[in-house]
Amino acid sequence: MSNENIAELEKRKRGMGLKASARLSNTIIYILLVVISIIWIIPFLCIVLQSFRVESTWKVGYVIPQQWGFDNYVKLWSTNFPRWYLNTFVIALVVAVVQTLIVLCMSYTLSRFRFKMRAGLMRFMLILGMFPGMLAMIILYRVLDDLGMTGENMLPGLILVYVASSGMGYYVSKGFFDTIPKSLDEAARIDGATRAQVLTKIILPLAKPIVIYTILTAFMGPWGDFVFARYVSQLKPLGMNVAVGLQSWLATDTMTHDYYTLFCAGGVVVALPVAILFMCLQKYYVEGVTGGAVKG
Amino acid sequence: MASVKLTKVKKIYDNNVVAVHDFDLDIKDKEFVVFVGPSGCGKSTTLRMIAGLEEISEGTIEIDGEVVNDLQPKDRGIAMVFQNYALYPHMTVYDNIAFSLRLQKVPEDVIYEKVTNAAEILGITEYLLRKPRALSGGQRQRVAIGRAMVRNSKVFLMDEPLSNLDAKLRNQMRAEIILLRQKLDTTFIYVTHDQTEAMTLADRIVIMKDGYIMQVGTPEECFDMPNNLFVAEFIGAPKMNVLKTELSQEGGKYFVKPFGVKLEVDGVKGDMLKEKKVPAGEVILGVRPEHIVLAKEGEPGAIPVVLEVNEMMGSELHLHVYTEDGTRLIVRVPTIDLTHEQRENMVNGHKLFITFEGKVMHFFDPESEKNLLV
């Protein structure tokens with residue numbers, strides 16, 4: 001065999017070795033991903049399956065129902081669940097709208113305007129944001145209680161608390177606005193647009209991904225909140241949101257016995273709209289996060 | 001009337017960096033003025049102050065006799081074309097051009113007429129329904145110009161509009177800007193770092209360096225009589241050859257002795273030296289590459305050089321040569337002036353002789369670098 005043939009053979013062997021090792025590492029990665037996906041999906045799958053179980057209402061040792069039906073979903077609407085759902089929806093909707101407005105205005109200002117203490121303000125908010133919200137829980141509760149916004153009147157109180165810190169969530173949005181060339185603002189101003197018109201007619205249409213991302217995250221926060229909502233509601237039945245209300249059905253063994261499958265059905269009803277929303281808007285969500293992340 | 005007057009205009013940034021120093025300039029109505037200079041010289045900053053996109057730290061800017069320091073950009077009667085076009089990506093070409101008119105609540109039928117007229121002049125009618133991302137660089141630039149055109153503004157500002165285009169397209173667009181200028185008949189203020197654009201487009205050039213005005217003049221004035229060494233080297237391509245030499249006087253005549261070869265400063269430059277009574281002494285001598293000619297060995301004033309690099313530019317050769325003392329010079333020689341044998345001999349290491357006349361010499365003070373004849 002000539003030297004050239006040997007060299008060619010060695011080259012081919014090396015190539016095959018590379019392909020084989022790439023195949024092996026891909027296989028391991030995919031196995032890992034499948035395992036992680038199963039671990040993630042199983043709890044949701046269990047909840048969904050249990051929500052259709054009609055032969056009993058308590059916890060059981062099996063996942064797949066023996067008898068299927070929509071009884072739990074029907075029974076949900078004769079409990080306080082609709083009130084909790086409405087509370088949560090109203091809070092989430094109002095917070096989503098107000099927070100989005102505040103965040104977008106804040107982000108645009110910090111992205112486009114230069115003023116004294118701008119850098120200091122951003123640093124201050126960054127440091128402040130590092131402290132967990134839990135630290136303020138007690139004093140916030142006292143304030144809301146003094147204002148009469150706890151218990152069954154918790155709705156305006158919770159909205160106030162969620163909205164009050166909106167401005168601090170500007171990072172991702174500001175990063176996204178930074179990717180839009182400032183010359184567009186300048187061109188629009190020369191064309192005769194006011195600052196507000198520049199924002200509404202030029203910047204926001206280009207910032208659709210980040211607007212959707214901001215709305216989604218602003219909606220999700222109150223939708224899934226448990227700790228603060230539980231505190232402020234004082235466990236008054238009409239003052240609860242869905243998270244607190246559903247958890248109250250598992251508060252004692254007796255309640256779990258009677259309400260477990262109802263709890264599962266409630267969980268599915270709470271999760272479904274948000275899941276659909278995310279599935280429809282995930283393209284914009286990803287664009288918003290990555291667009292903002294590029295410049296930060 | 002659309003005159004622009006800048007009086008002692010200064011721009012100081014927050015970190016006390018002075019970007020523009022005491023800028024004084026009177027731009028007449030319908031004049032085409034080009035601000036040119038290297039990056040960071042303050043030309044774009046000055047343009048942006050005129051546009052109202054930068055605050056003026058000191059001084060005043062007047063447009064048509066009205067001080068506009070505190071006026072918003074939209075109230076100054078200006079239109080601007082940006083380097084990166086700044087077209088609104090989510091709007092069609094039609095909507096981009098119509099945007100300013102819609103803000104002014106102009107009726108749609110009037111908008112249609114103005115937009116289609118502008119599109120026809122610029123040759124972009126077939127692109128009106130496209131979005132900017134579906135256009136080439138040259139087409140986008142025309143749309144940007146169209147957007148500025150429909151505003152019927154007093155002053156047209158252009159901030160390096162051709163920088164993002166390739167060389168061929170730049171030449172084409174330069175010609176179109178000249179035609180546009182004739183059609184619009186308005187005042188233009190154009191910023192570029194390309195001295196070729198400045199020379200071909202401008203009625204007057206403002207050459208800037210480090211925030212200062214180096215010279216204001218017509219292209220001919222800046223080329224033939226540069227105020228100082230910076231202007232002399234900046235205007236003209238390839239840049240002027242400069243070297244230190246002794247200027248001497250003998251029998252009422254001036255002489256220089258570059259590379260040991262005595263040359264008389266005759267003609268108009270000699271007369272100017274006499275008129276200005278320039279004393280003998282060390283000077284910086286400048287000669288443009290196109291003013292150096294090939295000489296024969298033994299000819300009076302022939303300077304021996306060795307060819308280092310020969311750049312074939314088509315209609316001319318750019319010869320990079322060096323003298324016996326190692327000084328590097330550039331010589332532009334039209335190829336039509338060369339025989340076939342001469343062209344064949346233009347190889348690296350080939351020995352040549354060059355010379356130049358007195359009338360093409362420029363003299364600069366070695367310390368202040370100012371032109372001794374200005």
# chains A, B, ... in the order shown; residues from 1 in each chain; ligands from 1
>>> interface_residues(of="chain A", to="chain B", cutoff="6 Å", atoms="only C-alpha atoms", output="list in words")
Ser183, Leu184, Ile190, Asp191 and Gly192 of chain A
>>> residues_around(residues="region 233-248 of chain A", least_positions_apart="5", cutoff="12 Å", atoms="only C-alpha atoms", output="PDB file with C-alpha atoms, in the first residue's frame")
ATOM      1  CA  LEU A  76     -65.785  24.014  40.484  1.00  0.00           C
ATOM      2  CA  THR A  79     -67.674  26.810  44.893  1.00  0.00           C
ATOM      3  CA  ASN A  80     -65.868  30.134  45.548  1.00  0.00           C
ATOM      4  CA  PHE A  81     -63.567  29.309  42.618  1.00  0.00           C
ATOM      5  CA  PRO A  82     -65.283  31.655  40.144  1.00  0.00           C
ATOM      6  CA  ARG A  83     -64.850  34.552  42.623  1.00  0.00           C
ATOM      7  CA  TRP A  84     -61.178  33.681  43.117  1.00  0.00           C
ATOM      8  CA  TYR A  85     -60.719  33.425  39.357  1.00  0.00           C
ATOM      9  CA  LEU A  86     -62.362  36.794  38.839  1.00  0.00           C
ATOM     10  CA  ASN A  87     -60.235  38.383  41.586  1.00  0.00           C
ATOM     11  CA  THR A  88     -57.077  37.002  40.021  1.00  0.00           C
ATOM     12  CA  PHE A  89     -58.081  37.943  36.491  1.00  0.00           C
ATOM     13  CA  VAL A  90     -58.962  41.524  37.409  1.00  0.00           C
ATOM     14  CA  ILE A  91     -55.755  42.012  39.373  1.00  0.00           C
ATOM     15  CA  ALA A  92     -53.621  40.438  36.623  1.00  0.00           C
ATOM     16  CA  TYR A 141     -49.402  44.562  55.142  1.00  0.00           C
ATOM     17  CA  LEU A 144     -52.680  48.120  53.449  1.00  0.00           C
ATOM     18  CA  ASP A 145     -54.487  47.151  56.615  1.00  0.00           C
ATOM     19  CA  GLY A 148     -58.601  49.039  54.682  1.00  0.00           C
ATOM     20  CA  MET A 149     -57.285  47.119  51.711  1.00  0.00           C
ATOM     21  CA  THR A 150     -56.962  43.670  53.219  1.00  0.00           C
ATOM     22  CA  GLY A 151     -59.289  40.732  53.641  1.00  0.00           C
ATOM     23  CA  GLU A 152     -62.217  40.903  51.266  1.00  0.00           C
ATOM     24  CA  ASN A 153     -61.083  44.352  50.062  1.00  0.00           C
ATOM     25  CA  MET A 154     -57.687  43.093  49.053  1.00  0.00           C
ATOM     26  CA  LEU A 155     -58.157  43.736  45.299  1.00  0.00           C
ATOM     27  CA  PRO A 156     -57.053  47.408  45.154  1.00  0.00           C
ATOM     28  CA  GLY A 157     -54.387  46.678  47.748  1.00  0.00           C
ATOM     29  CA  LEU A 158     -52.765  43.919  45.744  1.00  0.00           C
ATOM     30  CA  GLY A 221     -46.724  37.812  38.277  1.00  0.00           C
ATOM     31  CA  PRO A 222     -50.072  38.436  39.999  1.00  0.00           C
ATOM     32  CA  TRP A 223     -51.640  35.382  38.341  1.00  0.00           C
ATOM     33  CA  GLY A 224     -49.355  33.015  40.159  1.00  0.00           C
ATOM     34  CA  ASP A 225     -48.684  34.953  43.364  1.00  0.00           C
ATOM     35  CA  PHE A 226     -49.328  32.993  46.575  1.00  0.00           C
ATOM     36  CA  VAL A 227     -47.299  34.292  49.521  1.00  0.00           C
ATOM     37  CA  PHE A 228     -48.308  37.947  49.520  1.00  0.00           C
ATOM     38  CA  ASP A 253     -56.626  16.290  55.794  1.00  0.00           C
ATOM     39  CA  THR A 254     -60.420  16.516  55.880  1.00  0.00           C
ATOM     40  CA  MET A 255     -60.481  19.158  53.183  1.00  0.00           C
ATOM     41  CA  THR A 256     -57.973  17.234  51.072  1.00  0.00           C
ATOM     42  CA  ASP A 258     -63.157  16.180  49.881  1.00  0.00           C
ATOM     43  CA  TYR A 259     -61.470  18.589  47.535  1.00  0.00           C
ATOM     44  CA  TYR A 260     -58.389  16.940  46.056  1.00  0.00           C
ATOM     45  CA  THR A 261     -59.771  16.237  42.587  1.00  0.00           C
ATOM     46  CA  LEU A 262     -61.483  19.635  42.613  1.00  0.00           C
ATOM     47  CA  PHE A 263     -58.084  21.151  43.384  1.00  0.00           C
ATOM     48  CA  CYS A 264     -56.636  19.403  40.339  1.00  0.00           C
ATOM     49  CA  ALA A 265     -59.449  20.633  38.125  1.00  0.00           C
ATOM     50  CA  GLY A 266     -58.967  24.159  39.425  1.00  0.00           C
ATOM     51  CA  GLY A 267     -55.255  23.946  38.696  1.00  0.00           C
ATOM     52  CA  VAL A 268     -55.929  22.958  35.103  1.00  0.00           C
ATOM     53  CA  VAL A 269     -58.416  25.795  34.634  1.00  0.00           C
ATOM     54  CA  VAL A 270     -55.903  28.297  36.070  1.00  0.00           C
ATOM     55  CA  ALA A 271     -53.010  27.023  33.970  1.00  0.00           C
TER      56      ALA A 271
END
>>> residues_around(residues="Val261 (chain B)", least_positions_apart="3", cutoff="9 Å", atoms="only C-alpha atoms", output="list in words")
Val256, Lys257, Pro258, Pro300, Gly301, Ala302 and Ile303 of chain B
>>> write_last_selection(atoms="N, CA and C atoms", output="compact mmCIF listing (two decimals), in the first residue's frame")
# COMPACT_ATOMS: atom_id res chain seq x y z
N VAL B 256 15.07 76.70 -3.72
CA VAL B 256 15.01 75.63 -2.73
C VAL B 256 15.99 74.55 -3.17
N LYS B 257 16.39 73.72 -2.24
CA LYS B 257 17.36 72.69 -2.58
C LYS B 257 16.93 71.33 -2.01
N PRO B 258 15.83 70.81 -2.57
CA PRO B 258 15.39 69.49 -2.06
C PRO B 258 16.32 68.40 -2.56
N PRO B 300 18.46 69.76 -16.04
CA PRO B 300 18.54 70.67 -14.87
C PRO B 300 17.36 70.44 -13.94
N GLY B 301 17.64 70.29 -12.66
CA GLY B 301 16.57 70.10 -11.68
C GLY B 301 16.10 68.68 -11.54
N ALA B 302 16.78 67.76 -12.19
CA ALA B 302 16.34 66.36 -12.12
C ALA B 302 16.78 65.74 -10.79
N ILE B 303 15.83 65.15 -10.09
CA ILE B 303 16.09 64.55 -8.78
C ILE B 303 16.08 63.04 -8.95
>>> residues_around(residues="Thr355 (chain B)", least_positions_apart="2", cutoff="12 Å", atoms="only C-alpha atoms", output="number ranges by chain")
B: 257-259, 261-264, 287-305, 329, 331, 352-353, 357-358, 360-361
>>> select_by_dssp(residues="region 26-238 of chain A", states="helix (DSSP H, G or I)", output="ChimeraX atom specification")
/A:26-51,71-76,81-112,118-129,133-146,151-164,166-169,171-179,182-191,195-206,208-224,227-233,237-238
>>> select_by_dssp(residues="region 138-372 of chain B", states="strand (DSSP E)", output="ChimeraX atom specification")
/B:155-159,187-192,204-209,212-217,241-250,253-256,263-264,281-287,293-294,303-312,316-323,328-334,351-355,362-364
>>> atom_distance(atom1="CA of Gln172 (chain B)", atom2="CA of Glu316 (chain B)")
21.6 Å
>>> atom_distance(atom1="CA of Ala202 (chain B)", atom2="CA of Glu220 (chain B)")
10.4 Å
